[in-house]
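S.K.: Input file: my_file.cif. Contents: mmCIF, C-alpha atoms and all ligand atoms.
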```cif
data_final
#
loop_
_atom_site.group_PDB
_atom_site.id
_atom_site.type_symbol
_atom_site.label_atom_id
_atom_site.label_comp_id
_atom_site.auth_asym_id
_atom_site.auth_seq_id
_atom_site.Cartn_x
_atom_site.Cartn_y
_atom_site.Cartn_z
ATOM 1 C CA MET A 279 -5.358 -13.750 19.395
ATOM 2 C CA THR A 280 -6.795 -15.126 16.146
ATOM 3 C CA GLN A 281 -10.185 -13.782 17.091
ATOM 4 C CA PHE A 282 -8.661 -10.384 17.743
ATOM 5 C CA ILE A 283 -6.794 -10.395 14.455
ATOM 6 C CA ASP A 284 -9.953 -11.458 12.619
ATOM 7 C CA ALA A 285 -11.673 -8.445 14.111
ATOM 8 C CA LEU A 286 -8.963 -6.033 12.992
ATOM 9 C CA PRO A 287 -9.849 -5.306 9.367
ATOM 10 C CA GLY A 288 -13.322 -4.063 10.218
ATOM 11 C CA SER A 289 -12.571 -2.385 13.511
ATOM 12 C CA SER A 290 -12.352 1.359 13.762
ATOM 13 C CA GLY A 291 -9.686 1.781 16.457
ATOM 14 C CA TRP A 292 -10.170 3.287 19.869
ATOM 15 C CA VAL A 293 -10.418 6.920 20.870
ATOM 16 C CA SER A 294 -8.305 8.062 23.820
ATOM 17 C CA ALA A 295 -9.578 10.230 26.676
ATOM 18 C CA ALA A 296 -7.973 13.182 24.875
ATOM 19 C CA GLY A 297 -10.151 12.424 21.846
ATOM 20 C CA GLU A 298 -7.211 11.254 19.726
ATOM 21 C CA THR A 299 -7.823 8.258 17.509
ATOM 22 C CA GLN A 300 -5.295 5.506 17.665
ATOM 23 C CA PRO A 301 -3.179 5.361 14.511
ATOM 24 C CA LEU A 302 -3.966 2.559 12.102
ATOM 25 C CA VAL A 303 -0.233 1.993 11.707
ATOM 26 C CA ARG A 304 2.446 3.194 14.090
ATOM 27 C CA LEU A 305 6.171 2.869 13.426
ATOM 28 C CA ARG A 306 8.626 3.639 16.197
ATOM 29 C CA ASN A 307 12.366 3.843 15.661
ATOM 30 C CA VAL A 308 12.204 1.338 12.822
ATOM 31 C CA THR A 309 15.506 0.254 11.350
ATOM 32 C CA ARG A 310 16.240 -2.218 8.610
ATOM 33 C CA THR A 311 19.695 -3.645 8.105
ATOM 34 C CA VAL A 312 20.689 -6.345 5.622
ATOM 35 C CA ARG A 313 23.867 -8.360 5.447
ATOM 36 C CA LEU A 314 25.574 -8.213 2.093
ATOM 37 C CA PRO A 315 27.367 -11.188 0.489
ATOM 38 C CA ASP A 316 30.741 -9.782 1.600
ATOM 39 C CA ASN A 317 29.361 -9.913 5.179
ATOM 40 C CA GLU A 318 29.164 -6.108 5.432
ATOM 41 C CA GLU A 319 25.986 -4.676 6.931
ATOM 42 C CA LEU A 320 23.912 -2.228 4.913
ATOM 43 C CA HIS A 321 21.798 0.087 7.069
ATOM 44 C CA ILE A 322 18.811 0.947 4.877
ATOM 45 C CA LEU A 323 16.445 2.534 7.409
ATOM 46 C CA GLY A 324 17.923 4.418 10.347
ATOM 47 C CA GLY A 325 15.130 4.907 12.903
ATOM 48 C CA VAL A 326 11.824 5.776 11.247
ATOM 49 C CA ASP A 327 8.827 7.090 13.221
ATOM 50 C CA LEU A 328 5.469 7.380 11.472
ATOM 51 C CA ASP A 329 1.800 7.440 12.453
ATOM 52 C CA VAL A 330 -0.731 6.624 9.754
ATOM 53 C CA ARG A 331 -4.377 7.320 10.518
ATOM 54 C CA GLN A 332 -7.546 6.167 8.812
ATOM 55 C CA GLY A 333 -8.289 8.512 5.898
ATOM 56 C CA ASP A 334 -4.706 9.850 5.676
ATOM 57 C CA HIS A 335 -3.187 10.384 2.250
ATOM 58 C CA ILE A 336 0.597 10.437 2.576
ATOM 59 C CA SER A 337 3.249 10.802 -0.097
ATOM 60 C CA ILE A 338 6.830 9.659 0.390
ATOM 61 C CA VAL A 339 9.469 10.913 -2.001
ATOM 62 C CA GLY A 340 13.175 10.236 -2.001
ATOM 63 C CA ARG A 341 16.096 9.475 -4.245
ATOM 64 C CA SER A 342 16.616 6.080 -5.754
ATOM 65 C CA GLY A 343 18.125 3.841 -3.086
ATOM 66 C CA SER A 344 16.929 5.974 -0.147
ATOM 67 C CA GLY A 345 14.885 3.064 1.245
ATOM 68 C CA LYS A 346 11.349 3.809 0.010
ATOM 69 C CA SER A 347 10.452 0.274 -1.078
ATOM 70 C CA THR A 348 12.060 -1.132 2.057
ATOM 71 C CA LEU A 349 9.819 1.129 4.151
ATOM 72 C CA LEU A 350 6.740 0.222 2.117
ATOM 73 C CA ASN A 351 7.452 -3.476 2.588
ATOM 74 C CA ILE A 352 7.539 -2.944 6.353
ATOM 75 C CA LEU A 353 4.322 -0.890 6.295
ATOM 76 C CA GLY A 354 2.698 -3.690 4.286
ATOM 77 C CA MET A 355 3.957 -6.285 6.782
ATOM 78 C CA LEU A 356 5.875 -8.126 4.063
ATOM 79 C CA ASP A 357 9.105 -7.569 6.010
ATOM 80 C CA LEU A 358 9.750 -6.890 9.683
ATOM 81 C CA PRO A 359 11.994 -4.160 11.082
ATOM 82 C CA SER A 360 15.481 -5.193 12.200
ATOM 83 C CA THR A 361 14.864 -3.144 15.360
ATOM 84 C CA GLY A 362 12.013 -0.887 16.457
ATOM 85 C CA THR A 363 8.300 -1.618 16.334
ATOM 86 C CA ILE A 364 5.362 -1.586 13.965
ATOM 87 C CA GLU A 365 1.813 -1.758 15.304
ATOM 88 C CA PHE A 366 -1.271 -2.312 13.201
ATOM 89 C CA ASP A 367 -4.403 -1.133 14.988
ATOM 90 C CA GLY A 368 -2.475 -1.191 18.256
ATOM 91 C CA VAL A 369 -1.273 -4.789 17.819
ATOM 92 C CA PRO A 370 2.507 -5.321 17.596
ATOM 93 C CA VAL A 371 3.166 -6.907 14.197
ATOM 94 C CA GLY A 372 6.512 -8.293 15.400
ATOM 95 C CA ASN A 373 4.643 -10.665 17.744
ATOM 96 C CA MET A 374 2.589 -12.191 14.926
ATOM 97 C CA GLY A 375 3.554 -15.347 13.086
ATOM 98 C CA GLY A 376 4.034 -15.337 9.326
ATOM 99 C CA ASN A 377 0.559 -16.797 8.710
ATOM 100 C CA GLN A 378 -1.148 -14.280 10.956
ATOM 101 C CA ARG A 379 0.623 -11.474 9.162
ATOM 102 C CA ALA A 380 -0.389 -12.904 5.779
ATOM 103 C CA VAL A 381 -4.051 -13.150 6.810
ATOM 104 C CA LEU A 382 -4.061 -9.620 8.189
ATOM 105 C CA ARG A 383 -2.229 -8.302 5.128
ATOM 106 C CA GLY A 384 -4.686 -9.978 2.741
ATOM 107 C CA ALA A 385 -7.688 -8.536 4.547
ATOM 108 C CA ALA A 386 -6.395 -5.103 5.472
ATOM 109 C CA VAL A 387 -3.778 -3.989 2.927
ATOM 110 C CA GLY A 388 -4.099 -3.304 -0.802
ATOM 111 C CA PHE A 389 -0.967 -2.986 -2.939
ATOM 112 C CA ILE A 390 -0.543 -1.104 -6.226
ATOM 113 C CA PHE A 391 2.703 -1.438 -8.173
ATOM 114 C CA GLN A 392 4.382 0.472 -10.983
ATOM 115 C CA GLN A 393 4.159 -2.469 -13.400
ATOM 116 C CA PHE A 394 0.520 -3.302 -12.502
ATOM 117 C CA ASN A 395 1.406 -6.987 -11.811
ATOM 118 C CA LEU A 396 -1.809 -8.324 -13.376
ATOM 119 C CA LEU A 397 -2.153 -11.997 -14.276
ATOM 120 C CA ALA A 398 -1.711 -11.981 -18.058
ATOM 121 C CA GLU A 399 -3.872 -15.036 -18.761
ATOM 122 C CA ARG A 400 -6.796 -13.859 -16.631
ATOM 123 C CA THR A 401 -9.505 -11.398 -17.579
ATOM 124 C CA ALA A 402 -9.903 -8.063 -15.811
ATOM 125 C CA LEU A 403 -12.775 -9.560 -13.816
ATOM 126 C CA GLU A 404 -10.750 -12.641 -12.816
ATOM 127 C CA ASN A 405 -7.815 -10.450 -11.811
ATOM 128 C CA VAL A 406 -10.005 -8.368 -9.514
ATOM 129 C CA MET A 407 -11.712 -11.478 -8.103
ATOM 130 C CA THR A 408 -8.350 -13.037 -7.124
ATOM 131 C CA PRO A 409 -7.974 -11.392 -3.666
ATOM 132 C CA LEU A 410 -11.545 -12.421 -2.824
ATOM 133 C CA LEU A 411 -10.602 -16.091 -3.204
ATOM 134 C CA TYR A 412 -8.911 -15.631 0.188
ATOM 135 C CA ALA A 413 -11.918 -13.873 1.754
ATOM 136 C CA LYS A 414 -14.402 -15.579 4.030
ATOM 137 C CA GLY A 415 -18.195 -15.940 3.927
ATOM 138 C CA ARG A 416 -20.250 -13.387 2.040
ATOM 139 C CA ASP A 417 -17.319 -11.696 0.337
ATOM 140 C CA PHE A 418 -16.100 -15.037 -1.004
ATOM 141 C CA TRP A 419 -19.505 -16.074 -2.352
ATOM 142 C CA ARG A 420 -20.251 -12.637 -3.806
ATOM 143 C CA ARG A 421 -16.784 -12.266 -5.316
ATOM 144 C CA GLU A 422 -17.929 -11.935 -8.922
ATOM 145 C CA LYS A 423 -20.446 -9.210 -8.100
ATOM 146 C CA LEU A 424 -17.998 -7.329 -5.852
ATOM 147 C CA ALA A 425 -15.270 -7.463 -8.513
ATOM 148 C CA SER A 426 -17.588 -6.383 -11.279
ATOM 149 C CA ASP A 427 -18.952 -3.480 -9.168
ATOM 150 C CA MET A 428 -15.404 -2.371 -8.370
ATOM 151 C CA LEU A 429 -14.426 -2.458 -12.047
ATOM 152 C CA GLY A 430 -17.504 -0.355 -12.734
ATOM 153 C CA ARG A 431 -16.315 2.081 -10.077
ATOM 154 C CA VAL A 432 -13.001 2.586 -11.923
ATOM 155 C CA GLY A 433 -14.785 3.029 -15.258
ATOM 156 C CA LEU A 434 -14.161 -0.434 -16.692
ATOM 157 C CA GLY A 435 -17.621 -1.936 -16.317
ATOM 158 C CA SER A 436 -17.767 -2.668 -20.040
ATOM 159 C CA ARG A 437 -14.311 -4.343 -20.169
ATOM 160 C CA LEU A 438 -14.788 -7.134 -17.629
ATOM 161 C CA GLN A 439 -13.802 -9.961 -19.972
ATOM 162 C CA GLU A 440 -10.749 -8.214 -21.454
ATOM 163 C CA LYS A 441 -7.296 -9.667 -20.806
ATOM 164 C CA PRO A 442 -4.573 -7.196 -19.720
ATOM 165 C CA GLN A 443 -2.765 -7.126 -23.084
ATOM 166 C CA ARG A 444 -5.916 -5.729 -24.713
ATOM 167 C CA LEU A 445 -6.009 -2.843 -22.235
ATOM 168 C CA SER A 446 -3.957 0.371 -22.261
ATOM 169 C CA GLY A 447 -1.449 1.066 -19.464
ATOM 170 C CA GLY A 448 -3.888 3.414 -17.734
ATOM 171 C CA GLU A 449 -6.688 0.836 -17.985
ATOM 172 C CA GLN A 450 -4.410 -1.888 -16.611
ATOM 173 C CA GLN A 451 -3.543 0.310 -13.654
ATOM 174 C CA ARG A 452 -7.264 0.919 -13.081
ATOM 175 C CA VAL A 453 -7.770 -2.865 -12.975
ATOM 176 C CA ALA A 454 -4.920 -3.026 -10.447
ATOM 177 C CA ILE A 455 -6.610 -0.288 -8.385
ATOM 178 C CA ALA A 456 -9.884 -2.245 -8.456
ATOM 179 C CA ARG A 457 -7.993 -5.374 -7.359
ATOM 180 C CA ALA A 458 -6.285 -3.485 -4.518
ATOM 181 C CA LEU A 459 -9.572 -2.036 -3.263
ATOM 182 C CA VAL A 460 -11.987 -4.931 -3.750
ATOM 183 C CA ARG A 461 -11.564 -6.272 -0.199
ATOM 184 C CA SER A 462 -12.058 -2.770 1.251
ATOM 185 C CA PRO A 463 -8.547 -2.563 2.724
ATOM 186 C CA ARG A 464 -7.880 -0.102 5.521
ATOM 187 C CA LEU A 465 -4.409 0.675 4.151
ATOM 188 C CA ILE A 466 -3.488 1.127 0.478
ATOM 189 C CA LEU A 467 0.196 1.142 -0.467
ATOM 190 C CA ALA A 468 1.088 2.439 -3.925
ATOM 191 C CA ASP A 469 4.690 2.050 -5.125
ATOM 192 C CA GLU A 470 5.293 4.445 -8.057
ATOM 193 C CA PRO A 471 1.716 3.906 -9.321
ATOM 194 C CA THR A 472 2.168 6.268 -12.267
ATOM 195 C CA GLY A 473 5.757 5.302 -13.100
ATOM 196 C CA ALA A 474 4.786 3.365 -16.233
ATOM 197 C CA LEU A 475 2.211 5.875 -17.487
ATOM 198 C CA ASP A 476 2.418 9.104 -19.466
ATOM 199 C CA ILE A 477 1.873 12.292 -17.470
ATOM 200 C CA ALA A 478 -1.781 12.879 -18.358
ATOM 201 C CA THR A 479 -2.791 9.227 -17.856
ATOM 202 C CA GLY A 480 -0.808 9.086 -14.622
ATOM 203 C CA GLN A 481 -2.594 12.127 -13.277
ATOM 204 C CA SER A 482 -6.026 10.826 -14.117
ATOM 205 C CA VAL A 483 -5.284 7.355 -12.678
ATOM 206 C CA MET A 484 -3.839 8.887 -9.500
ATOM 207 C CA GLY A 485 -6.816 11.229 -9.169
ATOM 208 C CA LEU A 486 -9.088 8.201 -9.396
ATOM 209 C CA LEU A 487 -7.044 6.268 -6.834
ATOM 210 C CA ALA A 488 -7.139 9.193 -4.382
ATOM 211 C CA GLU A 489 -10.893 9.525 -4.902
ATOM 212 C CA VAL A 490 -11.791 5.857 -4.388
ATOM 213 C CA ALA A 491 -9.417 5.612 -1.414
ATOM 214 C CA GLU A 492 -11.024 8.665 0.193
ATOM 215 C CA GLU A 493 -14.525 7.331 -0.444
ATOM 216 C CA SER A 494 -13.600 4.059 1.247
ATOM 217 C CA GLY A 495 -12.011 5.830 4.249
ATOM 218 C CA ALA A 496 -8.765 3.878 3.812
ATOM 219 C CA ALA A 497 -5.346 5.369 4.434
ATOM 220 C CA LEU A 498 -3.318 5.789 1.240
ATOM 221 C CA ILE A 499 0.477 5.931 1.146
ATOM 222 C CA THR A 500 2.077 6.699 -2.193
ATOM 223 C CA ILE A 501 5.734 6.442 -3.055
ATOM 224 C CA THR A 502 6.498 8.567 -6.059
ATOM 225 C CA HIS A 503 9.084 10.534 -7.985
ATOM 226 C CA ASP A 504 6.344 12.606 -9.604
ATOM 227 C CA PRO A 505 5.653 15.995 -7.938
ATOM 228 C CA ASN A 506 2.138 16.088 -9.443
ATOM 229 C CA VAL A 507 1.320 12.760 -7.825
ATOM 230 C CA ALA A 508 2.850 13.822 -4.494
ATOM 231 C CA ALA A 509 0.819 17.042 -4.627
ATOM 232 C CA LEU A 510 -2.431 15.074 -4.337
ATOM 233 C CA ALA A 511 -1.458 13.858 -0.854
ATOM 234 C CA HIS A 512 -2.344 15.695 2.358
ATOM 235 C CA SER A 513 0.970 14.968 4.134
ATOM 236 C CA HIS A 514 4.347 14.934 2.444
ATOM 237 C CA TYR A 515 7.407 13.084 3.657
ATOM 238 C CA LEU A 516 10.942 12.936 2.375
ATOM 239 C CA LEU A 517 13.096 9.854 2.874
ATOM 240 C CA GLU A 518 16.784 10.686 2.859
ATOM 241 C CA SER A 519 19.413 8.025 3.472
ATOM 242 C CA GLY A 520 16.982 5.964 5.519
ATOM 243 C CA HIS A 521 15.633 8.898 7.584
ATOM 244 C CA LEU A 522 12.069 10.129 7.181
ATOM 245 C CA ARG A 523 11.148 13.754 7.687
ATOM 246 C CA LEU A 524 8.149 15.896 6.967
ATOM 247 C CA GLY A 525 8.789 17.583 3.653
ATOM 248 C CA SER A 526 7.098 20.282 1.689
ATOM 249 C CA GLU A 527 5.346 19.523 -1.563
ATOM 250 C CA ALA A 528 8.125 21.393 -3.306
ATOM 251 C CA ALA A 529 10.647 18.881 -1.996
ATOM 252 C CA ALA A 530 9.053 16.298 -4.265
HETATM 253 N N1 LIG A 601 17.637 -7.501 0.542
HETATM 254 C C1 LIG A 601 18.561 -6.599 0.187
HETATM 255 N N2 LIG A 601 19.858 -6.966 0.095
HETATM 256 C C2 LIG A 601 20.805 -6.075 -0.237
HETATM 257 N N3 LIG A 601 20.579 -4.764 -0.488
HETATM 258 C C3 LIG A 601 19.310 -4.355 -0.406
HETATM 259 C C4 LIG A 601 18.233 -5.244 -0.076
HETATM 260 N N4 LIG A 601 17.079 -4.543 -0.085
HETATM 261 C C5 LIG A 601 17.412 -3.273 -0.421
HETATM 262 N N5 LIG A 601 18.742 -3.162 -0.625
HETATM 263 C C6 LIG A 601 19.483 -1.926 -0.955
HETATM 264 O O1 LIG A 601 19.022 -0.927 -0.046
HETATM 265 C C7 LIG A 601 18.888 0.332 -0.685
HETATM 266 C C8 LIG A 601 17.460 0.831 -0.588
HETATM 267 O O2 LIG A 601 16.607 0.007 -1.396
HETATM 268 P P1 LIG A 601 15.105 0.390 -1.720
HETATM 269 O O3 LIG A 601 14.645 -0.540 -2.784
HETATM 270 O O4 LIG A 601 14.326 0.433 -0.465
HETATM 271 O O5 LIG A 601 15.271 1.881 -2.274
HETATM 272 P P2 LIG A 601 14.226 2.803 -3.063
HETATM 273 O O6 LIG A 601 14.287 4.135 -2.402
HETATM 274 O O7 LIG A 601 12.902 2.139 -3.118
HETATM 275 O O8 LIG A 601 14.895 2.849 -4.508
HETATM 276 P P3 LIG A 601 14.210 3.041 -5.960
HETATM 277 O O9 LIG A 601 13.569 4.406 -5.953
HETATM 278 O O10 LIG A 601 15.374 2.957 -6.896
HETATM 279 O O11 LIG A 601 13.233 1.916 -6.144
HETATM 280 C C9 LIG A 601 19.356 0.107 -2.115
HETATM 281 O O12 LIG A 601 20.700 0.473 -2.191
HETATM 282 C C10 LIG A 601 19.163 -1.383 -2.328
HETATM 283 O O13 LIG A 601 20.066 -1.874 -3.286
#
```
When written as structure tokens, how does the structure in this file appear?
Ligand SMILES: Nc1ncnc2c1ncn2[C@@H]1O[C@H](COP(=O)(O)OP(=O)(O)OP(=O)(O)O)[C@@H](O)[C@H]1O
M.R.:
Amino acid sequence: MTQFIDALPGSSGWVSAAGETQPLVRLRNVTRTVRLPDNEELHILGGVDLDVRQGDHISIVGRSGSGKSTLLNILGMLDLPSTGTIEFDGVPVGNMGGNQRAVLRGAAVGFIFQQFNLLAERTALENVMTPLLYAKGRDFWRREKLASDMLGRVGLGSRLQEKPQRLSGGEQQRVAIARALVRSPRLILADEPTGALDIATGQSVMGLLAEVAEESGAALITITHDPNVAALAHSHYLLESGHLRLGSEAAA
């Protein structure tokens, strides 16, 4: 199993006899229920189906409290469904142990958050090198070069030694994008990536994220309230009271 999981991040999925590629991530009838302190159950997700393929760019919009972050946490294998299944590259995630999930997540998933979540005491270069500390072999030994190349790719090649507080919000989010992409993840999950930026900066940062994700062939899923950000995606979903449906761009 370990061998198989190790092979996952670089594998390209199989192609069926019908010529259909296997989804990178497949959710079937996923629910998520939590028990509240008063012992009541809160049903957050009510049976979500979703196929995510390599190269997809998906936006998910929905009101506050509709379950977007809960869904993203399941897609990122941070949480498991209460019922239903999630498969990553055809492998049921529910059958994996916590460590296996963490290894797969580290190698195959990049996260981008609204508040950037950079390490304040570390330079831009050190921040981007951090995920590579968990990589194996060549990527581990070449971590400084990989991180510096990635910062160059997001236009920060001359700011490698800067600490986050010396960078603007847009620059900090570009560091976070470099950090999310430095291990060449197959899935990038962005939770309100422009939420802390002004409109123009948000648009340019999101344009950059979409571009580097497309170049790398990864699938990108963006949760957003911003219609301009949602418009950059190729598929648009609306999450309403824990139910996901295909939406139009206008629904954003
Ligand atoms: N562990 C938990 N315990 C109790 N309630 C929870 C838990 N996780 C989520 N919730 C509740 O479930 C609902 C959905 O939460 P979630 O964070 O997924 O929504 P969201 O769509 O991302 O909201 P927002 O846009 O405001 O971030 C909310 O009402 C939230 O308070």
S.K.: Expressed in Å to a single decimal, how great is the separation between CA of Ala398 (chain A) and CA of Leu445 (chain A)?
M.R.: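 Between these atoms lies a distance of 10.9 Å.
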S.K.: Could you expand the PyMOL selection byres (((chain A and resi 370-380) around 9) and not hetatm) into the explicit residues it covers here, written as a PDB file with C-alpha atoms, in the frame of the given file?
M.R.:
```pdb
ATOM      1  CA  THR A 280      -6.795 -15.126  16.146  1.00  0.00           C
ATOM      2  CA  ILE A 283      -6.794 -10.395  14.455  1.00  0.00           C
ATOM      3  CA  MET A 355       3.957  -6.285   6.782  1.00  0.00           C
ATOM      4  CA  LEU A 356       5.875  -8.126   4.063  1.00  0.00           C
ATOM      5  CA  LEU A 358       9.750  -6.890   9.683  1.00  0.00           C
ATOM      6  CA  PRO A 359      11.994  -4.160  11.082  1.00  0.00           C
ATOM      7  CA  THR A 363       8.300  -1.618  16.334  1.00  0.00           C
ATOM      8  CA  ILE A 364       5.362  -1.586  13.965  1.00  0.00           C
ATOM      9  CA  GLU A 365       1.813  -1.758  15.304  1.00  0.00           C
ATOM     10  CA  PHE A 366      -1.271  -2.312  13.201  1.00  0.00           C
ATOM     11  CA  ASP A 367      -4.403  -1.133  14.988  1.00  0.00           C
ATOM     12  CA  GLY A 368      -2.475  -1.191  18.256  1.00  0.00           C
ATOM     13  CA  VAL A 369      -1.273  -4.789  17.819  1.00  0.00           C
ATOM     14  CA  VAL A 381      -4.051 -13.150   6.810  1.00  0.00           C
ATOM     15  CA  LEU A 382      -4.061  -9.620   8.189  1.00  0.00           C
ATOM     16  CA  ARG A 383      -2.229  -8.302   5.128  1.00  0.00           C
ATOM     17  CA  GLY A 384      -4.686  -9.978   2.741  1.00  0.00           C
ATOM     18  CA  ALA A 385      -7.688  -8.536   4.547  1.00  0.00           C
TER      19      ALA A 385
END
```
S.K.: Would you pick out the contacts of Val483 (chain A) at 8 Å or less, using all atoms listed in the file, so that residues sharing its chain but fewer than 2 positions from it are not included, and give the list as number ranges by chain?
M.R.: A: 448, 451-452, 472, 479-481, 485-487
S.K.: Padding 5 Å on every side, please: axis-aligned box over the listed atoms of region 377-389 of chain A, centre and edge lengths to one decimal in Å, as JSON.
M.R.:
```
{"center_x": -3.5, "center_y": -9.9, "center_z": 4.0, "size_x": 18.3, "size_y": 23.8, "size_z": 23.9}
```
S.K.: For ligand LIG 601 (chain A), collect every residue having any atom at a distance of at most 10 Å from a ligand atom (counting only C-alpha atoms and all ligand atoms); output as an NGL selection string.
M.R.: :A and (310-315 or 319-323 or 338-351 or 469-470 or 501-503 or 517-520)
S.K.: Once the PyMOL selection byres (((chain A and resi 523) around 10) and not hetatm) has been evaluated on this model, what residues remain selected, and can you format them as a ChimeraX atom specification?
M.R.: /A:326-328,338,514-518,520-522,524-526
S.K.: Selected by the PyMOL selection byres (((chain A and resi 387) around 7) and not hetatm) in the shown coordinates: which residues, as a PyMOL selection string?
M.R.: chain A and resi 354+383-386+388-389+463-466
S.K.: Find the distance between CA of Gly473 (chain A) and CA of Ala402 (chain A) and write it in Å to one decimal.
M.R.: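 Taking CA of Gly473 (chain A) and CA of Ala402 (chain A), their separation equals 20.8 Å.
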S.K.: Missing atoms in region 384-403 of chain A: can you complete it with N, CA and C atoms, as a short mmCIF file (atom, residue, chain, number, x, y, z; two decimals), keeping the file's coordinate frame?
M.R.:
```cif
data_model
loop_
_atom_site.label_atom_id
_atom_site.label_comp_id
_atom_site.auth_asym_id
_atom_site.auth_seq_id
_atom_site.Cartn_x
_atom_site.Cartn_y
_atom_site.Cartn_z
N GLY A 384 -3.71 -9.72 3.81
CA GLY A 384 -4.69 -9.98 2.74
C GLY A 384 -6.00 -9.25 2.97
N ALA A 385 -6.39 -9.15 4.25
CA ALA A 385 -7.69 -8.54 4.55
C ALA A 385 -7.60 -7.03 4.66
N ALA A 386 -6.43 -6.52 5.07
CA ALA A 386 -6.40 -5.10 5.47
C ALA A 386 -5.52 -4.21 4.60
N VAL A 387 -4.71 -4.81 3.70
CA VAL A 387 -3.78 -3.99 2.93
C VAL A 387 -3.96 -4.26 1.44
N GLY A 388 -4.04 -3.19 0.66
CA GLY A 388 -4.10 -3.30 -0.80
C GLY A 388 -2.82 -2.72 -1.39
N PHE A 389 -2.22 -3.43 -2.33
CA PHE A 389 -0.97 -2.99 -2.94
C PHE A 389 -1.19 -2.59 -4.41
N ILE A 390 -0.53 -1.51 -4.82
CA ILE A 390 -0.54 -1.10 -6.23
C ILE A 390 0.91 -0.88 -6.63
N PHE A 391 1.31 -1.48 -7.76
CA PHE A 391 2.70 -1.44 -8.17
C PHE A 391 2.86 -0.68 -9.49
N GLN A 392 4.08 -0.26 -9.74
CA GLN A 392 4.38 0.47 -10.98
C GLN A 392 4.02 -0.35 -12.22
N GLN A 393 4.36 -1.63 -12.20
CA GLN A 393 4.16 -2.47 -13.40
C GLN A 393 2.84 -3.24 -13.36
N PHE A 394 1.89 -2.78 -12.59
CA PHE A 394 0.52 -3.30 -12.50
C PHE A 394 0.45 -4.71 -11.90
N ASN A 395 1.36 -5.60 -12.33
CA ASN A 395 1.41 -6.99 -11.81
C ASN A 395 0.08 -7.72 -11.96
N LEU A 396 -0.57 -7.57 -13.13
CA LEU A 396 -1.81 -8.32 -13.38
C LEU A 396 -1.45 -9.71 -13.91
N LEU A 397 -2.36 -10.66 -13.73
CA LEU A 397 -2.15 -12.00 -14.28
C LEU A 397 -2.53 -11.95 -15.76
N ALA A 398 -1.53 -12.21 -16.62
CA ALA A 398 -1.71 -11.98 -18.06
C ALA A 398 -2.79 -12.87 -18.67
N GLU A 399 -2.93 -14.08 -18.15
CA GLU A 399 -3.87 -15.04 -18.76
C GLU A 399 -5.29 -14.91 -18.21
N ARG A 400 -5.48 -14.02 -17.25
CA ARG A 400 -6.80 -13.86 -16.63
C ARG A 400 -7.45 -12.58 -17.12
N THR A 401 -8.77 -12.60 -17.18
CA THR A 401 -9.51 -11.40 -17.58
C THR A 401 -9.43 -10.34 -16.46
N ALA A 402 -9.87 -9.13 -16.82
CA ALA A 402 -9.90 -8.06 -15.81
C ALA A 402 -10.73 -8.52 -14.61
N LEU A 403 -11.89 -9.11 -14.89
CA LEU A 403 -12.78 -9.56 -13.82
C LEU A 403 -12.08 -10.62 -12.94
#
```
